[in-house]
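> CSV, C-alpha atoms, saved as coords.csv, coming up:
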chain,number,residue,atom,x,y,z
A,5,MET,CA,-7.8,46.1,-178.7
A,6,THR,CA,-5.3,43.3,-179.1
A,7,THR,CA,-2.3,45.3,-177.8
A,8,GLU,CA,-4.4,46.7,-175.0
A,9,LEU,CA,-5.2,43.2,-173.6
A,10,ASN,CA,-2.0,41.4,-174.6
A,11,ASN,CA,-0.4,39.8,-171.5
A,12,SER,CA,-3.1,41.2,-169.2
A,13,THR,CA,-4.6,39.0,-166.5
A,14,ILE,CA,-8.4,39.0,-166.1
A,15,LEU,CA,-10.6,37.3,-163.5
A,16,VAL,CA,-13.9,36.4,-165.0
A,17,THR,CA,-16.8,35.2,-162.7
A,18,GLY,CA,-20.1,33.8,-163.8
A,19,VAL,CA,-19.2,31.4,-166.6
A,20,LEU,CA,-22.2,29.1,-166.4
A,21,LYS,CA,-22.6,28.0,-170.0
A,22,ASP,CA,-21.0,28.7,-173.3
A,23,THR,CA,-24.0,31.0,-174.1
A,24,SER,CA,-23.3,33.3,-171.1
A,25,ILE,CA,-21.8,36.8,-171.6
A,26,ALA,CA,-19.0,35.8,-169.2
A,27,PHE,CA,-18.0,32.9,-171.4
A,28,HIS,CA,-17.7,35.2,-174.4
A,29,VAL,CA,-15.7,37.7,-172.3
A,30,ALA,CA,-13.2,35.0,-171.5
A,31,ARG,CA,-13.1,33.8,-175.1
A,32,LEU,CA,-12.5,37.2,-176.6
A,33,ALA,CA,-10.0,38.1,-173.9
A,34,GLN,CA,-8.0,35.0,-174.8
A,35,GLN,CA,-8.2,35.8,-178.5
A,36,HIS,CA,-6.8,39.2,-177.8
A,37,GLY,CA,-3.9,37.9,-175.8
A,38,ALA,CA,-5.1,38.0,-172.3
A,39,ARG,CA,-4.6,35.4,-169.6
A,40,VAL,CA,-7.9,34.4,-168.0
A,41,ILE,CA,-8.7,33.1,-164.5
A,42,LEU,CA,-12.3,31.7,-164.0
A,43,SER,CA,-14.2,31.3,-160.8
A,44,ALA,CA,-17.3,29.5,-159.6
A,45,PRO,CA,-18.7,28.1,-156.4
A,46,LYS,CA,-16.9,24.9,-155.4
A,47,ARG,CA,-19.9,22.7,-156.2
A,48,GLN,CA,-19.8,24.0,-159.8
A,49,LEU,CA,-16.0,23.7,-160.5
A,50,ARG,CA,-16.3,20.5,-162.3
A,51,LEU,CA,-18.9,21.9,-164.6
A,52,LEU,CA,-16.8,25.0,-165.1
A,53,GLY,CA,-13.8,22.9,-166.1
A,54,ALA,CA,-15.9,21.2,-168.8
A,55,ILE,CA,-17.1,24.5,-170.1
A,56,ALA,CA,-13.6,25.9,-170.0
A,57,LYS,CA,-12.5,23.3,-172.5
A,58,ARG,CA,-14.6,25.1,-175.1
A,59,LEU,CA,-12.4,28.2,-174.8
A,60,PRO,CA,-9.5,28.8,-177.3
A,61,ALA,CA,-7.0,28.0,-174.5
A,62,GLN,CA,-7.2,26.6,-171.0
A,63,PRO,CA,-7.5,29.3,-168.3
A,64,ILE,CA,-4.5,29.7,-166.1
A,65,ALA,CA,-6.6,28.7,-163.1
A,66,LEU,CA,-10.1,27.7,-161.9
A,67,ILE,CA,-10.7,29.2,-158.5
A,68,PRO,CA,-13.5,28.3,-156.1
A,69,LEU,CA,-15.6,31.4,-155.2
A,70,ASP,CA,-19.0,31.8,-153.7
A,71,VAL,CA,-19.5,35.6,-153.3
A,72,THR,CA,-21.8,35.0,-150.3
A,73,ASP,CA,-19.1,32.9,-148.5
A,74,ALA,CA,-16.8,35.0,-146.3
A,75,ASP,CA,-14.1,32.3,-146.3
A,76,ASP,CA,-14.0,32.2,-150.1
A,77,LEU,CA,-13.8,35.9,-150.3
A,78,ASP,CA,-11.0,36.0,-147.6
A,79,GLN,CA,-9.0,33.5,-149.6
A,80,LEU,CA,-9.6,34.8,-153.1
A,81,ALA,CA,-6.6,37.1,-153.3
A,82,ALA,CA,-4.2,34.4,-152.0
A,83,ARG,CA,-5.7,31.8,-154.3
A,84,THR,CA,-5.4,34.1,-157.3
A,85,ALA,CA,-1.9,35.3,-156.3
A,86,ALA,CA,-0.7,31.7,-156.6
A,87,HIS,CA,-1.2,32.1,-160.4
A,88,CYS,CA,-0.4,35.8,-161.0
A,89,ASP,CA,1.1,38.7,-159.2
A,90,HIS,CA,-1.7,41.2,-160.1
A,91,LEU,CA,-5.1,41.5,-161.9
A,92,ASP,CA,-5.6,43.9,-164.7
A,93,ALA,CA,-9.4,43.4,-164.7
A,94,VAL,CA,-12.1,41.7,-162.8
A,95,VAL,CA,-15.5,40.9,-164.4
A,96,HIS,CA,-18.5,40.6,-162.2
A,97,SER,CA,-21.1,38.5,-164.0
A,98,ILE,CA,-23.1,37.3,-161.0
A,99,GLY,CA,-26.8,37.6,-160.3
A,100,PHE,CA,-29.6,35.6,-158.7
A,101,ALA,CA,-33.0,36.1,-157.3
A,102,PRO,CA,-35.4,33.4,-156.2
A,103,GLN,CA,-38.4,33.0,-158.6
A,104,SER,CA,-40.7,33.9,-155.7
A,105,VAL,CA,-39.6,37.5,-156.1
A,106,MET,CA,-39.9,37.7,-159.9
A,107,GLY,CA,-42.5,37.0,-162.5
A,108,GLY,CA,-45.2,39.4,-161.1
A,109,ASN,CA,-44.5,38.7,-157.4
A,110,PHE,CA,-43.3,42.1,-156.4
A,111,LEU,CA,-45.9,42.7,-153.8
A,112,ALA,CA,-45.7,39.2,-152.5
A,113,GLY,CA,-41.9,39.2,-152.1
A,114,GLN,CA,-40.6,38.2,-148.7
A,115,TRP,CA,-37.6,39.8,-147.2
A,116,GLU,CA,-35.6,36.6,-146.9
A,117,ASP,CA,-35.8,36.1,-150.7
A,118,VAL,CA,-35.3,39.8,-151.4
A,119,ALA,CA,-32.2,39.7,-149.2
A,120,THR,CA,-30.8,36.8,-151.2
A,121,ALA,CA,-31.3,38.8,-154.4
A,122,MET,CA,-29.6,41.9,-153.0
A,123,HIS,CA,-26.7,40.0,-151.5
A,124,VAL,CA,-25.9,37.9,-154.6
A,125,SER,CA,-26.7,40.5,-157.3
A,126,ALA,CA,-25.6,43.8,-155.7
A,127,TYR,CA,-23.6,43.6,-152.5
A,128,SER,CA,-21.4,41.0,-154.2
A,129,LEU,CA,-19.9,43.6,-156.4
A,130,LYS,CA,-18.5,45.4,-153.4
A,131,ALA,CA,-17.4,42.1,-151.8
A,132,LEU,CA,-15.6,41.0,-155.0
A,133,ALA,CA,-13.9,44.4,-155.3
A,134,VAL,CA,-12.6,44.4,-151.7
A,135,ALA,CA,-11.5,40.7,-152.0
A,136,THR,CA,-9.5,41.4,-155.2
A,137,LYS,CA,-8.2,44.9,-154.1
A,138,PRO,CA,-4.8,43.5,-153.0
A,139,LEU,CA,-4.1,42.4,-156.6
A,140,LEU,CA,-5.5,45.5,-158.3
A,141,ARG,CA,-3.2,48.3,-159.4
A,142,ALA,CA,-3.5,51.7,-161.0
A,143,GLY,CA,-5.1,51.2,-164.4
A,144,SER,CA,-7.0,48.0,-163.4
A,145,GLY,CA,-10.7,47.9,-164.2
A,146,ILE,CA,-13.7,46.2,-162.6
A,147,VAL,CA,-16.7,45.7,-164.9
A,148,GLY,CA,-20.1,44.4,-164.0
A,149,LEU,CA,-23.3,43.6,-165.9
A,150,THR,CA,-26.6,45.2,-165.3
A,151,PHE,CA,-30.1,45.4,-166.9
A,152,ASP,CA,-31.2,49.1,-167.1
A,153,ALA,CA,-32.6,49.8,-163.7
A,154,ASN,CA,-34.2,53.1,-164.7
A,155,TYR,CA,-37.5,51.3,-165.5
A,156,ALA,CA,-39.9,49.0,-163.8
A,157,TRP,CA,-39.7,46.1,-166.3
A,158,PRO,CA,-42.4,43.5,-166.6
A,159,VAL,CA,-41.7,40.4,-164.5
A,160,TYR,CA,-38.3,41.6,-163.3
A,161,ASP,CA,-39.6,42.8,-160.0
A,162,TRP,CA,-37.1,42.5,-157.1
A,163,MET,CA,-34.2,41.6,-159.4
A,164,GLY,CA,-34.8,45.1,-161.0
A,165,VAL,CA,-34.4,46.6,-157.5
A,166,ALA,CA,-31.2,44.6,-157.0
A,167,LYS,CA,-29.9,45.9,-160.3
A,168,ALA,CA,-30.6,49.4,-159.1
A,169,ALA,CA,-28.6,48.7,-156.0
A,170,LEU,CA,-25.8,47.2,-158.2
A,171,GLU,CA,-25.7,50.4,-160.2
A,172,ALA,CA,-25.5,52.5,-157.1
A,173,THR,CA,-22.8,50.3,-155.7
A,174,SER,CA,-20.7,50.7,-158.8
A,175,ARG,CA,-20.8,54.5,-158.4
A,176,TYR,CA,-19.7,54.3,-154.7
A,177,LEU,CA,-16.9,51.9,-155.6
A,178,ALA,CA,-15.8,54.2,-158.4
A,179,ARG,CA,-15.6,57.0,-155.9
A,180,ASP,CA,-13.6,55.0,-153.3
A,181,LEU,CA,-11.3,53.0,-155.6
A,182,GLY,CA,-10.6,56.0,-157.9
A,183,PRO,CA,-7.7,57.4,-155.8
A,184,ALA,CA,-6.0,54.0,-156.2
A,185,GLY,CA,-6.4,54.3,-160.0
A,186,VAL,CA,-9.0,51.5,-160.2
A,187,ARG,CA,-11.9,52.0,-162.6
A,188,VAL,CA,-15.4,50.6,-161.9
A,189,ASN,CA,-18.0,50.5,-164.7
A,190,LEU,CA,-21.0,48.6,-165.8
A,191,VAL,CA,-22.4,47.3,-169.1
A,192,SER,CA,-26.2,47.4,-169.4
A,193,ALA,CA,-27.0,44.7,-171.9
A,194,GLY,CA,-30.4,44.1,-173.6
A,195,PRO,CA,-32.2,40.9,-173.0
A,196,LEU,CA,-30.2,37.8,-173.8
A,197,ARG,CA,-31.1,34.1,-173.6
A,198,THR,CA,-28.6,33.3,-170.9
A,199,VAL,CA,-29.1,30.9,-168.0
A,200,ALA,CA,-29.9,33.8,-165.6
A,201,ALA,CA,-32.4,35.4,-168.0
A,202,THR,CA,-34.3,32.3,-169.0
A,203,SER,CA,-34.8,31.4,-165.3
A,204,ILE,CA,-37.0,34.5,-165.0
A,205,PRO,CA,-40.7,33.6,-165.1
A,206,GLY,CA,-42.2,35.5,-168.1
A,207,PHE,CA,-38.8,36.4,-169.6
A,208,ASP,CA,-40.4,36.3,-173.1
A,209,GLN,CA,-42.4,39.4,-172.2
A,210,MET,CA,-39.2,41.3,-171.8
A,211,GLU,CA,-37.6,40.2,-175.0
A,212,SER,CA,-40.6,40.0,-177.4
A,213,GLN,CA,-40.6,43.6,-178.5
A,214,TRP,CA,-37.0,44.5,-178.1
A,215,HIS,CA,-35.9,44.0,-181.7
A,216,GLU,CA,-38.7,46.1,-183.0
A,217,ARG,CA,-38.0,49.0,-180.6
A,218,ALA,CA,-34.2,48.9,-181.0
A,219,PRO,CA,-32.9,51.4,-183.7
A,220,LEU,CA,-30.1,48.9,-184.4
A,221,GLY,CA,-32.2,45.8,-184.0
A,222,TRP,CA,-31.4,43.2,-181.3
A,223,ASP,CA,-30.4,39.6,-181.4
A,224,VAL,CA,-31.3,37.9,-178.1
A,225,SER,CA,-29.1,34.9,-178.9
A,226,ASP,CA,-25.9,36.9,-179.4
A,227,PRO,CA,-24.0,37.9,-176.3
A,228,GLU,CA,-20.8,39.0,-178.2
A,229,PRO,CA,-21.7,42.7,-178.4
A,230,ALA,CA,-22.0,42.9,-174.6
A,231,ALA,CA,-18.9,40.9,-174.1
A,232,LYS,CA,-16.9,43.3,-176.4
A,233,ALA,CA,-18.1,46.3,-174.4
A,234,VAL,CA,-17.1,44.6,-171.1
A,235,LEU,CA,-13.6,44.0,-172.5
A,236,ALA,CA,-13.3,47.6,-173.9
A,237,LEU,CA,-14.1,49.0,-170.4
A,238,ALA,CA,-11.8,46.5,-168.8
A,239,SER,CA,-8.9,47.5,-171.0
A,240,SER,CA,-6.8,50.7,-171.0
A,241,TRP,CA,-8.9,52.1,-173.9
A,242,PHE,CA,-11.0,53.8,-171.2
A,243,PRO,CA,-8.3,55.1,-168.9
A,244,ALA,CA,-10.3,58.1,-167.5
A,245,THR,CA,-13.8,56.5,-167.4
A,246,THR,CA,-15.3,55.3,-164.1
A,247,GLY,CA,-18.7,55.1,-162.6
A,248,GLU,CA,-20.2,54.8,-166.1
A,249,ILE,CA,-23.0,52.5,-167.4
A,250,VAL,CA,-22.5,51.7,-171.1
A,251,HIS,CA,-25.7,50.5,-172.8
A,252,VAL,CA,-25.4,47.6,-175.2
A,253,ASP,CA,-29.1,47.2,-176.1
A,254,GLY,CA,-29.5,48.2,-179.7
A,255,GLY,CA,-30.5,51.7,-178.6
A,256,VAL,CA,-33.7,50.8,-176.8
A,257,HIS,CA,-32.7,53.0,-173.8
A,258,ILE,CA,-33.1,56.2,-175.9
A,259,MET,CA,-36.6,55.4,-177.2
A,260,GLY,CA,-39.8,56.9,-175.8
A,261,GLN,CA,-42.8,54.7,-175.1
Starting from the coordinates I provided, produce the structure as structure tokens.

Amino acid sequence: MTTELNNSTILVTGVLKDTSIAFHVARLAQQHGARVILSAPKRQLRLLGAIAKRLPAQPIALIPLDVTDADDLDQLAARTAAHCDHLDAVVHSIGFAPQSVMGGNFLAGQWEDVATAMHVSAYSLKALAVATKPLLRAGSGIVGLTFDANYAWPVYDWMGVAKAALEATSRYLARDLGPAGVRVNLVSAGPLRTVAATSIPGFDQMESQWHERAPLGWDVSDPEPAAKAVLALASSWFPATTGEIVHVDGGVHIMGQ
């Protein structure tokens, strides 16, 4: 993949810690010759800068971006264009739901909190795609992260519904951006001990049986397989693939109950 990523420019969102999938996407991208731009809400930029120092090289830019802030979205292309003339890939690693709509609280979920989950975790993929569209070109790829929305998982509740919306959003984006040569795909990763996952009440219920059910086994502390899949889809190795969801879950998605 080295030659496929060499000299490419990738915007990576959602680097919260060095345990996050997004961090490992950025790390591997740099190791394969890509230039990386990172984004985070303005209040988290200082933390992002500290985490970025753990990468093999400094990113070419750290850009303020809150995907629920219209001004940030409006300015994203210009802020990015100050550091590059185009983007070869955009990685959407963003998701959030208030704890009040997870952990067994599906029936008790209130619309205000559900709306937050849907806005941040699903609609933001469309918002990010539109905001970066001026810098995308034929061959560019947008890749997001999901957690298999075909099932009603224990404790996932309204975040599961938001992921279903994310998956549908990716298909419609693939349809509408395809004529411009822009690909849109998702990676469905198994449970990983990321910041987002461990904030889910009862997360251990989701991960406890995964290794036993996975034909290939599963390591909840290793985000690298998912990160590699993200970069493969972001690269030109998949030039005719769009609207796809690639499962990186040890094979659990194929198993019956």
> Suppose you want the space between atom CA of Ser128 of chain A and atom CA of Asp70 of chain A; what is it in Å?
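A separation of 9.5 Å between them.
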> Which is closer to His90 of chain A than all the others in A:Val124, A:Leu140, A:Val71, A:Val147, using all atoms listed in the file?
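Closest to His90 of chain A, using all atoms listed in the file: A:Leu140.
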> Can you work out the spacing between atom CA of Pro227 of chain A and atom CA of Val94 of chain A in Å, to one decimal?
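Interatomic distance here is 18.4 Å.
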> Select all residues near (-26.8, 44.9, -157.2) (cut-off 8 Å, inclusive, file coordinates), counting all atoms listed in the file, and output them as a list in words.
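Those within range, by chain then number, are Gly99, Met122, His123, Val124, Ser125, Ala126, Tyr127, Ser128, Leu129, Val165, Ala166, Lys167, Ala168, Ala169, Leu170, Glu171, Ala172 and Thr173 of chain A.
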> If you keep C-alpha atoms, can you produce a file of those selected residues as a CSV table (one decimal), in the coordinates of the input?

chain,number,residue,atom,x,y,z
A,99,GLY,CA,-26.8,37.6,-160.3
A,122,MET,CA,-29.6,41.9,-153.0
A,123,HIS,CA,-26.7,40.0,-151.5
A,124,VAL,CA,-25.9,37.9,-154.6
A,125,SER,CA,-26.7,40.5,-157.3
A,126,ALA,CA,-25.6,43.8,-155.7
A,127,TYR,CA,-23.6,43.6,-152.5
A,128,SER,CA,-21.4,41.0,-154.2
A,129,LEU,CA,-19.9,43.6,-156.4
A,165,VAL,CA,-34.4,46.6,-157.5
A,166,ALA,CA,-31.2,44.6,-157.0
A,167,LYS,CA,-29.9,45.9,-160.3
A,168,ALA,CA,-30.6,49.4,-159.1
A,169,ALA,CA,-28.6,48.7,-156.0
A,170,LEU,CA,-25.8,47.2,-158.2
A,171,GLU,CA,-25.7,50.4,-160.2
A,172,ALA,CA,-25.5,52.5,-157.1
A,173,THR,CA,-22.8,50.3,-155.7
> Have a look at A:Leu20, A:Ile98, A:Leu80, A:Ala142 and name the one nearest to Leu181 of chain A; count all atoms listed in the file.
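When distances to Leu181 of chain A are compared using all atoms listed in the file, the smallest one comes from A:Ala142.
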> Rounded to one decimal, what separation in Å do you get between atom CA of Gly145 of chain A and atom CA of Glu8 of chain A?
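So the two atoms, atom CA of Gly145 of chain A and atom CA of Glu8 of chain A, lie 12.6 Å apart.
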> Leaving out Leu177 of chain A and any residue of its chain fewer than 3 positions from it, which residues lie within 10 Å of it when counting all atoms listed in the file, given as a list in words?
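Near Leu177 of chain A, the qualifying residues are Leu129, Lys130, Ala133, Val134, Ile146, Ala172, Thr173, Ser174, Asp180, Leu181, Gly182, Val186, Arg187, Val188, Asn189, Thr246 and Gly247 of chain A.
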